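In what follows, a structure is listed as structure tokens, so that the remarks can point back to it.
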Amino acid sequence: VTLNLTSILTFALIAMGYFVGCLLFLKKENREANRYLGFLSILLAAWLVDTLFRVTGIYGERPDLYFLPIYFSFGFGPLILFYTRSLTEQSHKLELKELVHFIPMLLQCSLYVFLQTQTYNYRRDFWLEVHKPYTYNIELALSFISLGVYLIFSRNHLILYKGNIENSFSNTHAIELKLLNRLNLVLYFVSIF
């Protein structure tokens, strides 16, 4: 295993992601919002495992680990939207019909679970003939497009929320969710970049 600054930082980010995710799941206050944020933290950490395996040379030593079901990038956007809604809507509960937002993530994960169950030669051929030349870049682009679209939905929801609280309260400073608004803008520009 190659140890350098990049691999150590990547490992630290993964460890923090899982740790924060677990803490958020255990937190009693604002339970629904914390679960969305905790799940997002865990998915982001899982997504970084691929980077860790690449920068440490683990894939070179164990190429059979490639296509582990650690890719959940189509779930980032919906989780951010539902996190925003859970903070801004008093009575928000995830309904069965809203699970449709997670179908792309389930299909993405199912592909990687399927590939992981195949022989090494099948996965190698899939990587060389399908994924590397075609679907890898498409998947990455669609992940960021999905995230961008959901960030726009989330931002629009925050704008509606701000309008509602301005009509209902005279002092809105404590309930404006400025940090969430800024986070959405930063993530949106990162997605575009």
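Chain labels run A, B, ... following the order of the structure tokens; each chain numbers its residues from 1, and ligands are numbered from 1 in the order shown.
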**OP:** Taking the DSSP assignment computed from this structure's backbone, write out as a PyMOL selection string all residues of stretch 98-143 of chain A that belong to alpha helix (DSSP H).
**Re:** chain A and resi 103-116+120-126+136-143
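Non-sequential neighbours of A:Ser146 (distance at most 10 Å, separation of 5 or more positions within a chain, only C-alpha atoms) are Ser73, Phe74, Gly75, Phe76, Gly77, Pro78, Pro104, Leu140, Ala141, Leu151, Ile152 and Ser191 of chain A.
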Can you write out the residues you just picked, keeping all heavy atoms, as an mmCIF file, in the first residue's frame?
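Wrote again.cif, looks like this:
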```
data_model
loop_
_atom_site.group_PDB
_atom_site.id
_atom_site.type_symbol
_atom_site.label_atom_id
_atom_site.label_comp_id
_atom_site.auth_asym_id
_atom_site.auth_seq_id
_atom_site.Cartn_x
_atom_site.Cartn_y
_atom_site.Cartn_z
ATOM 1 N N SER A 73 -23.560 7.855 -6.232
ATOM 2 C CA SER A 73 -23.553 9.281 -6.533
ATOM 3 C C SER A 73 -24.909 9.816 -6.993
ATOM 4 O O SER A 73 -25.164 11.008 -6.862
ATOM 5 C CB SER A 73 -22.488 9.599 -7.574
ATOM 6 O OG SER A 73 -22.663 8.816 -8.734
ATOM 7 N N PHE A 74 -25.781 8.966 -7.507
ATOM 8 C CA PHE A 74 -27.107 9.443 -7.895
ATOM 9 C C PHE A 74 -28.012 9.676 -6.682
ATOM 10 O O PHE A 74 -29.121 10.177 -6.822
ATOM 11 C CB PHE A 74 -27.780 8.464 -8.861
ATOM 12 C CG PHE A 74 -27.133 8.415 -10.219
ATOM 13 C CD1 PHE A 74 -26.975 7.218 -10.872
ATOM 14 C CD2 PHE A 74 -26.677 9.561 -10.841
ATOM 15 C CE1 PHE A 74 -26.384 7.156 -12.120
ATOM 16 C CE2 PHE A 74 -26.081 9.525 -12.093
ATOM 17 C CZ PHE A 74 -25.929 8.315 -12.732
ATOM 18 N N GLY A 75 -27.542 9.333 -5.505
ATOM 19 C CA GLY A 75 -28.322 9.581 -4.287
ATOM 20 C C GLY A 75 -27.980 10.890 -3.605
ATOM 21 O O GLY A 75 -28.716 11.349 -2.725
ATOM 22 N N PHE A 76 -26.879 11.546 -4.016
ATOM 23 C CA PHE A 76 -26.467 12.779 -3.344
ATOM 24 C C PHE A 76 -27.531 13.864 -3.443
ATOM 25 O O PHE A 76 -27.909 14.488 -2.449
ATOM 26 C CB PHE A 76 -25.157 13.320 -3.927
ATOM 27 C CG PHE A 76 -23.978 12.400 -3.803
ATOM 28 C CD1 PHE A 76 -22.857 12.586 -4.580
ATOM 29 C CD2 PHE A 76 -23.963 11.342 -2.908
ATOM 30 C CE1 PHE A 76 -21.751 11.761 -4.483
ATOM 31 C CE2 PHE A 76 -22.868 10.494 -2.799
ATOM 32 C CZ PHE A 76 -21.762 10.709 -3.592
ATOM 33 N N GLY A 77 -28.001 14.126 -4.648
ATOM 34 C CA GLY A 77 -28.985 15.191 -4.872
ATOM 35 C C GLY A 77 -30.290 14.985 -4.114
ATOM 36 O O GLY A 77 -30.744 15.895 -3.404
ATOM 37 N N PRO A 78 -30.928 13.812 -4.255
ATOM 38 C CA PRO A 78 -32.178 13.606 -3.510
ATOM 39 C C PRO A 78 -31.995 13.744 -2.000
ATOM 40 O O PRO A 78 -32.866 14.303 -1.318
ATOM 41 C CB PRO A 78 -32.583 12.171 -3.883
ATOM 42 C CG PRO A 78 -31.964 11.928 -5.201
ATOM 43 C CD PRO A 78 -30.674 12.705 -5.192
ATOM 44 N N PRO A 104 -32.628 5.939 -9.565
ATOM 45 C CA PRO A 104 -31.323 5.939 -10.255
ATOM 46 C C PRO A 104 -30.187 5.425 -9.375
ATOM 47 O O PRO A 104 -29.318 4.686 -9.848
ATOM 48 C CB PRO A 104 -31.116 7.409 -10.629
ATOM 49 C CG PRO A 104 -32.498 7.962 -10.730
ATOM 50 C CD PRO A 104 -33.278 7.252 -9.660
ATOM 51 N N LEU A 140 -20.309 9.761 -14.510
ATOM 52 C CA LEU A 140 -19.779 10.896 -13.759
ATOM 53 C C LEU A 140 -20.520 12.181 -14.129
ATOM 54 O O LEU A 140 -20.931 12.946 -13.252
ATOM 55 C CB LEU A 140 -18.281 11.037 -14.025
ATOM 56 C CG LEU A 140 -17.518 11.993 -13.133
ATOM 57 C CD1 LEU A 140 -17.600 11.557 -11.672
ATOM 58 C CD2 LEU A 140 -16.071 12.072 -13.570
ATOM 59 N N ALA A 141 -20.721 12.404 -15.419
ATOM 60 C CA ALA A 141 -21.434 13.608 -15.863
ATOM 61 C C ALA A 141 -22.878 13.606 -15.355
ATOM 62 O O ALA A 141 -23.365 14.626 -14.853
ATOM 63 C CB ALA A 141 -21.408 13.698 -17.387
ATOM 64 N N LEU A 151 -29.911 20.446 -6.486
ATOM 65 C CA LEU A 151 -29.521 21.656 -5.764
ATOM 66 C C LEU A 151 -30.391 22.840 -6.172
ATOM 67 O O LEU A 151 -30.728 23.684 -5.337
ATOM 68 C CB LEU A 151 -28.042 21.965 -5.996
ATOM 69 C CG LEU A 151 -27.064 21.061 -5.255
ATOM 70 C CD1 LEU A 151 -25.639 21.284 -5.765
ATOM 71 C CD2 LEU A 151 -27.134 21.268 -3.759
ATOM 72 N N ILE A 152 -30.770 22.901 -7.442
ATOM 73 C CA ILE A 152 -31.706 23.948 -7.886
ATOM 74 C C ILE A 152 -33.059 23.757 -7.196
ATOM 75 O O ILE A 152 -33.658 24.721 -6.705
ATOM 76 C CB ILE A 152 -31.849 23.939 -9.421
ATOM 77 C CG1 ILE A 152 -30.559 24.424 -10.070
ATOM 78 C CG2 ILE A 152 -33.028 24.795 -9.868
ATOM 79 C CD1 ILE A 152 -30.501 24.246 -11.570
ATOM 80 N N SER A 191 -20.408 21.505 -8.700
ATOM 81 C CA SER A 191 -20.966 20.579 -9.698
ATOM 82 C C SER A 191 -20.754 21.100 -11.109
ATOM 83 O O SER A 191 -20.397 20.341 -12.014
ATOM 84 C CB SER A 191 -22.475 20.405 -9.475
ATOM 85 O OG SER A 191 -22.710 19.804 -8.238
#
```
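One finds atom CA of A:Tyr36 at 13.3 Å from atom CA of A:Gly17.
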Original post:
So how many Å separate atom CA of A:Ile42 and atom CA of A:Gln116, to one decimal?
Top reply: 20.4 Å
Original post:
Got a sec: who's within 12 Å of A:Leu99, counting only C-alpha atoms, leaving out chain neighbours fewer than 4 positions off, as a PyMOL selection string?
Top reply: chain A and resi 75+78-79+82+93-95+103-106
Could you save those same residues with all heavy atoms as a tab-separated table (two decimals), in the first residue's frame?
```tsv
chain	number	residue	atom	x	y	z
A	75	GLY	N	-27.54	9.33	-5.50
A	75	GLY	CA	-28.32	9.58	-4.29
A	75	GLY	C	-27.98	10.89	-3.60
A	75	GLY	O	-28.72	11.35	-2.73
A	78	PRO	N	-30.93	13.81	-4.25
A	78	PRO	CA	-32.18	13.61	-3.51
A	78	PRO	C	-31.99	13.74	-2.00
A	78	PRO	O	-32.87	14.30	-1.32
A	78	PRO	CB	-32.58	12.17	-3.88
A	78	PRO	CG	-31.96	11.93	-5.20
A	78	PRO	CD	-30.67	12.71	-5.19
A	79	LEU	N	-30.87	13.28	-1.47
A	79	LEU	CA	-30.65	13.40	-0.03
A	79	LEU	C	-30.54	14.87	0.40
A	79	LEU	O	-31.05	15.26	1.45
A	79	LEU	CB	-29.41	12.62	0.40
A	79	LEU	CG	-29.59	11.11	0.42
A	79	LEU	CD1	-28.25	10.41	0.59
A	79	LEU	CD2	-30.55	10.69	1.52
A	82	PHE	N	-34.15	16.30	0.30
A	82	PHE	CA	-34.98	15.86	1.43
A	82	PHE	C	-34.45	16.39	2.76
A	82	PHE	O	-35.23	16.65	3.68
A	82	PHE	CB	-35.12	14.34	1.44
A	82	PHE	CG	-35.98	13.84	0.32
A	82	PHE	CD1	-35.49	12.92	-0.59
A	82	PHE	CD2	-37.27	14.30	0.15
A	82	PHE	CE1	-36.27	12.47	-1.63
A	82	PHE	CE2	-38.08	13.86	-0.88
A	82	PHE	CZ	-37.57	12.94	-1.79
A	93	LYS	N	-42.51	14.19	6.12
A	93	LYS	CA	-42.15	12.77	6.28
A	93	LYS	C	-41.99	12.20	4.88
A	93	LYS	O	-42.78	12.49	3.99
A	93	LYS	CB	-43.23	11.99	7.03
A	93	LYS	CG	-43.43	12.42	8.46
A	93	LYS	CD	-42.29	11.95	9.31
A	93	LYS	CE	-42.51	12.37	10.76
A	93	LYS	NZ	-41.29	12.57	11.47
A	94	LEU	N	-40.97	11.41	4.69
A	94	LEU	CA	-40.73	10.79	3.38
A	94	LEU	C	-41.88	9.84	3.07
A	94	LEU	O	-42.17	8.93	3.83
A	94	LEU	CB	-39.40	10.04	3.38
A	94	LEU	CG	-38.96	9.45	2.05
A	94	LEU	CD1	-38.67	10.56	1.05
A	94	LEU	CD2	-37.72	8.60	2.23
A	95	GLU	N	-42.53	10.10	1.95
A	95	GLU	CA	-43.65	9.27	1.52
A	95	GLU	C	-43.17	8.23	0.52
A	95	GLU	O	-42.13	8.40	-0.12
A	95	GLU	CB	-44.74	10.14	0.89
A	95	GLU	CG	-45.36	11.12	1.87
A	95	GLU	CD	-46.41	12.00	1.20
A	95	GLU	OE1	-46.90	11.65	0.10
A	95	GLU	OE2	-46.73	13.04	1.79
A	103	ILE	N	-34.50	5.81	-7.32
A	103	ILE	CA	-34.41	4.72	-8.30
A	103	ILE	C	-33.09	4.77	-9.07
A	103	ILE	O	-32.44	3.72	-9.23
A	103	ILE	CB	-35.64	4.71	-9.24
A	103	ILE	CG1	-36.87	4.26	-8.45
A	103	ILE	CG2	-35.40	3.82	-10.45
A	103	ILE	CD1	-38.18	4.32	-9.23
A	104	PRO	N	-32.63	5.94	-9.56
A	104	PRO	CA	-31.32	5.94	-10.26
A	104	PRO	C	-30.19	5.42	-9.37
A	104	PRO	O	-29.32	4.69	-9.85
A	104	PRO	CB	-31.12	7.41	-10.63
A	104	PRO	CG	-32.50	7.96	-10.73
A	104	PRO	CD	-33.28	7.25	-9.66
A	105	MET	N	-30.19	5.79	-8.09
A	105	MET	CA	-29.15	5.30	-7.19
A	105	MET	C	-29.24	3.78	-7.02
A	105	MET	O	-28.22	3.09	-7.02
A	105	MET	CB	-29.26	5.98	-5.82
A	105	MET	CG	-28.18	5.53	-4.84
A	105	MET	SD	-28.41	6.13	-3.18
A	105	MET	CE	-29.67	5.03	-2.56
A	106	LEU	N	-30.45	3.26	-6.91
A	106	LEU	CA	-30.62	1.81	-6.77
A	106	LEU	C	-30.18	1.07	-8.03
A	106	LEU	O	-29.56	0.01	-7.94
A	106	LEU	CB	-32.07	1.48	-6.42
A	106	LEU	CG	-32.53	1.92	-5.03
A	106	LEU	CD1	-34.02	1.68	-4.85
A	106	LEU	CD2	-31.73	1.23	-3.95
```
Would you list the contacts of stretch 48-51 of chain A as a PDB file with N, CA and C atoms, in the first residue's frame, taking every protein, DNA or RNA residue within 8 Å and counting only C-alpha atoms, but skipping same-chain residues closer than 2 positions in sequence?
```pdb
ATOM      1  N   THR A  10      -7.254  11.220   2.155  1.00  0.00           N
ATOM      2  CA  THR A  10      -8.444  10.503   1.682  1.00  0.00           C
ATOM      3  C   THR A  10      -8.967   9.562   2.759  1.00  0.00           C
ATOM      4  N   ILE A  14     -12.614   9.732   4.670  1.00  0.00           N
ATOM      5  CA  ILE A  14     -13.508   8.577   4.727  1.00  0.00           C
ATOM      6  C   ILE A  14     -13.875   8.265   6.176  1.00  0.00           C
ATOM      7  N   LEU A  44     -21.012   9.734   0.689  1.00  0.00           N
ATOM      8  CA  LEU A  44     -19.840  10.460   0.202  1.00  0.00           C
ATOM      9  C   LEU A  44     -18.554   9.755   0.628  1.00  0.00           C
ATOM     10  N   ALA A  45     -18.529   9.247   1.849  1.00  0.00           N
ATOM     11  CA  ALA A  45     -17.352   8.511   2.329  1.00  0.00           C
ATOM     12  C   ALA A  45     -17.158   7.230   1.513  1.00  0.00           C
ATOM     13  N   ALA A  46     -18.251   6.528   1.224  1.00  0.00           N
ATOM     14  CA  ALA A  46     -18.154   5.300   0.422  1.00  0.00           C
ATOM     15  C   ALA A  46     -17.644   5.617  -0.979  1.00  0.00           C
ATOM     16  N   PHE A  53      -8.567   3.476  -2.876  1.00  0.00           N
ATOM     17  CA  PHE A  53      -8.023   2.266  -3.484  1.00  0.00           C
ATOM     18  C   PHE A  53      -7.091   2.601  -4.654  1.00  0.00           C
ATOM     19  N   ARG A  54      -7.424   3.668  -5.400  1.00  0.00           N
ATOM     20  CA  ARG A  54      -6.581   4.062  -6.521  1.00  0.00           C
ATOM     21  C   ARG A  54      -5.267   4.668  -6.049  1.00  0.00           C
ATOM     22  N   VAL A  55      -5.334   5.635  -5.119  1.00  0.00           N
ATOM     23  CA  VAL A  55      -4.109   6.349  -4.729  1.00  0.00           C
ATOM     24  C   VAL A  55      -3.176   5.507  -3.860  1.00  0.00           C
ATOM     25  N   ILE A  70     -19.788   0.605  -4.207  1.00  0.00           N
ATOM     26  CA  ILE A  70     -19.550   1.770  -3.362  1.00  0.00           C
ATOM     27  C   ILE A  70     -19.958   3.056  -4.061  1.00  0.00           C
TER      28      ILE A  70
END
```
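Summary of the local environment: counting only C-alpha atoms, residues at most 9 Å from stretch 121-125 of chain A, other than itself and those fewer than 3 positions away along its chain, are Pro63, Asp64, Tyr66, Phe67, Leu115, Gln116, Gln118, Leu128, Glu129 and Val130 of chain A.
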Pull all heavy atoms from the residues just selected and write them as a CSV table (one decimal), in the first residue's frame.
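Produced file part_1.csv, reproduced below:
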```csv
chain,number,residue,atom,x,y,z
A,63,PRO,N,-7.0,-6.2,-8.1
A,63,PRO,CA,-7.9,-5.7,-9.1
A,63,PRO,C,-9.3,-6.3,-9.0
A,63,PRO,O,-10.3,-5.8,-9.6
A,63,PRO,CB,-7.3,-6.1,-10.5
A,63,PRO,CG,-6.3,-7.1,-10.1
A,63,PRO,CD,-5.9,-7.0,-8.7
A,64,ASP,N,-9.4,-7.4,-8.3
A,64,ASP,CA,-10.8,-8.0,-8.2
A,64,ASP,C,-11.7,-7.2,-7.3
A,64,ASP,O,-12.9,-7.4,-7.3
A,64,ASP,CB,-10.6,-9.4,-7.6
A,64,ASP,CG,-9.9,-9.5,-6.2
A,64,ASP,OD1,-8.8,-8.9,-6.2
A,64,ASP,OD2,-10.4,-10.0,-5.3
A,66,TYR,N,-12.2,-4.0,-7.8
A,66,TYR,CA,-12.8,-3.0,-8.6
A,66,TYR,C,-14.3,-3.4,-8.9
A,66,TYR,O,-14.6,-4.5,-9.0
A,66,TYR,CB,-12.1,-2.8,-10.0
A,66,TYR,CG,-12.3,-1.5,-10.6
A,66,TYR,CD1,-11.7,-0.4,-10.1
A,66,TYR,CD2,-13.3,-1.3,-11.6
A,66,TYR,CE1,-12.0,0.9,-10.6
A,66,TYR,CE2,-13.6,-0.1,-12.1
A,66,TYR,CZ,-12.9,1.0,-11.6
A,66,TYR,OH,-13.2,2.3,-12.1
A,67,PHE,N,-15.1,-2.4,-9.0
A,67,PHE,CA,-16.5,-2.5,-9.1
A,67,PHE,C,-17.2,-2.9,-7.8
A,67,PHE,O,-18.3,-3.5,-7.8
A,67,PHE,CB,-17.0,-3.4,-10.2
A,67,PHE,CG,-16.7,-2.9,-11.6
A,67,PHE,CD1,-15.9,-3.6,-12.5
A,67,PHE,CD2,-17.1,-1.7,-12.0
A,67,PHE,CE1,-15.7,-3.2,-13.8
A,67,PHE,CE2,-16.9,-1.2,-13.3
A,67,PHE,CZ,-16.1,-1.9,-14.2
A,115,LEU,N,-21.9,-6.6,-11.1
A,115,LEU,CA,-20.5,-6.8,-11.6
A,115,LEU,C,-19.7,-7.4,-10.6
A,115,LEU,O,-18.8,-8.2,-10.9
A,115,LEU,CB,-20.0,-5.4,-12.0
A,115,LEU,CG,-20.5,-4.8,-13.3
A,115,LEU,CD1,-20.1,-3.4,-13.5
A,115,LEU,CD2,-20.2,-5.6,-14.5
A,116,GLN,N,-19.9,-7.1,-9.3
A,116,GLN,CA,-19.0,-7.7,-8.3
A,116,GLN,C,-19.3,-9.2,-8.2
A,116,GLN,O,-18.4,-10.0,-7.7
A,116,GLN,CB,-19.3,-7.0,-6.9
A,116,GLN,CG,-18.3,-7.4,-5.9
A,116,GLN,CD,-16.9,-7.0,-6.2
A,116,GLN,OE1,-16.6,-6.0,-6.8
A,116,GLN,NE2,-15.9,-7.9,-5.8
A,118,GLN,N,-19.7,-11.2,-10.7
A,118,GLN,CA,-19.1,-11.8,-11.9
A,118,GLN,C,-17.7,-12.2,-11.8
A,118,GLN,O,-17.0,-11.7,-10.8
A,118,GLN,CB,-19.3,-10.9,-13.1
A,118,GLN,CG,-20.8,-10.5,-13.4
A,118,GLN,CD,-21.7,-11.7,-13.5
A,118,GLN,OE1,-21.4,-12.6,-14.4
A,118,GLN,NE2,-22.7,-11.7,-12.8
A,128,LEU,N,-12.7,-2.6,-19.7
A,128,LEU,CA,-11.9,-2.2,-20.9
A,128,LEU,C,-12.8,-1.9,-22.1
A,128,LEU,O,-12.4,-1.0,-22.9
A,128,LEU,CB,-10.9,-3.3,-21.3
A,128,LEU,CG,-9.8,-3.5,-20.3
A,128,LEU,CD1,-9.0,-4.7,-20.6
A,128,LEU,CD2,-8.9,-2.3,-20.2
A,129,GLU,N,-13.9,-2.6,-22.3
A,129,GLU,CA,-14.7,-2.4,-23.5
A,129,GLU,C,-15.9,-1.6,-23.3
A,129,GLU,O,-16.5,-1.1,-24.3
A,129,GLU,CB,-15.0,-3.8,-24.0
A,129,GLU,CG,-13.8,-4.6,-24.4
A,129,GLU,CD,-14.1,-6.0,-24.9
A,129,GLU,OE1,-15.3,-6.3,-25.3
A,129,GLU,OE2,-13.2,-6.9,-24.8
A,130,VAL,N,-16.4,-1.4,-22.1
A,130,VAL,CA,-17.7,-0.7,-21.9
A,130,VAL,C,-17.5,0.5,-21.0
A,130,VAL,O,-17.7,1.7,-21.4
A,130,VAL,CB,-18.8,-1.6,-21.4
A,130,VAL,CG1,-20.1,-0.8,-21.1
A,130,VAL,CG2,-19.0,-2.8,-22.3
```
Subject >> Pick from A:Glu32, A:Phe72, A:Leu52, A:Gln108 nearest to A:Ser91, counting only C-alpha atoms >> reply: A:Glu32
**OP:** Excluding A:Ile80 and residues on its chain fewer than 3 positions from it, collect all residues at most 10 Å away from it, counting only C-alpha atoms, and give them as a ChimeraX atom specification.
**Re:** /A:33,36-37,40,75-77,83-86,147,150-151,153-154,180,184
Emit the selected residues as an mmCIF file, in the first residue's frame, including C-alpha atoms.
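Below is the file that was written, result.cif:
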```cif
data_model
loop_
_atom_site.group_PDB
_atom_site.id
_atom_site.type_symbol
_atom_site.label_atom_id
_atom_site.label_comp_id
_atom_site.auth_asym_id
_atom_site.auth_seq_id
_atom_site.Cartn_x
_atom_site.Cartn_y
_atom_site.Cartn_z
ATOM 1 C CA ALA A 33 -33.017 15.757 8.925
ATOM 2 C CA TYR A 36 -30.668 12.381 5.598
ATOM 3 C CA LEU A 37 -27.456 14.231 6.385
ATOM 4 C CA LEU A 40 -25.318 11.588 2.689
ATOM 5 C CA GLY A 75 -28.322 9.581 -4.287
ATOM 6 C CA PHE A 76 -26.467 12.779 -3.344
ATOM 7 C CA GLY A 77 -28.985 15.191 -4.872
ATOM 8 C CA TYR A 83 -32.595 17.239 4.050
ATOM 9 C CA THR A 84 -33.626 20.766 3.021
ATOM 10 C CA ARG A 85 -37.316 19.865 3.084
ATOM 11 C CA SER A 86 -37.039 18.239 6.501
ATOM 12 C CA LEU A 147 -26.681 16.895 -8.161
ATOM 13 C CA TYR A 150 -31.481 18.693 -7.099
ATOM 14 C CA LEU A 151 -29.521 21.656 -5.764
ATOM 15 C CA PHE A 153 -34.808 22.241 -6.436
ATOM 16 C CA SER A 154 -33.367 22.660 -2.956
ATOM 17 C CA LEU A 180 -27.766 25.751 4.121
ATOM 18 C CA ASN A 184 -26.270 24.732 -1.735
#
```
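For the residues A:Pro69, A:Tyr161, A:Arg62, A:Thr135, ranking by smallest atom-to-atom distance to A:Tyr120 using only C-alpha atoms places A:Arg62 first.
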Original post:
Which residue gives the smallest distance to A:Trp47 among A:Tyr71, A:Phe144, A:Phe11, A:Phe25, with only C-alpha atoms counted?
Top reply: A:Tyr71
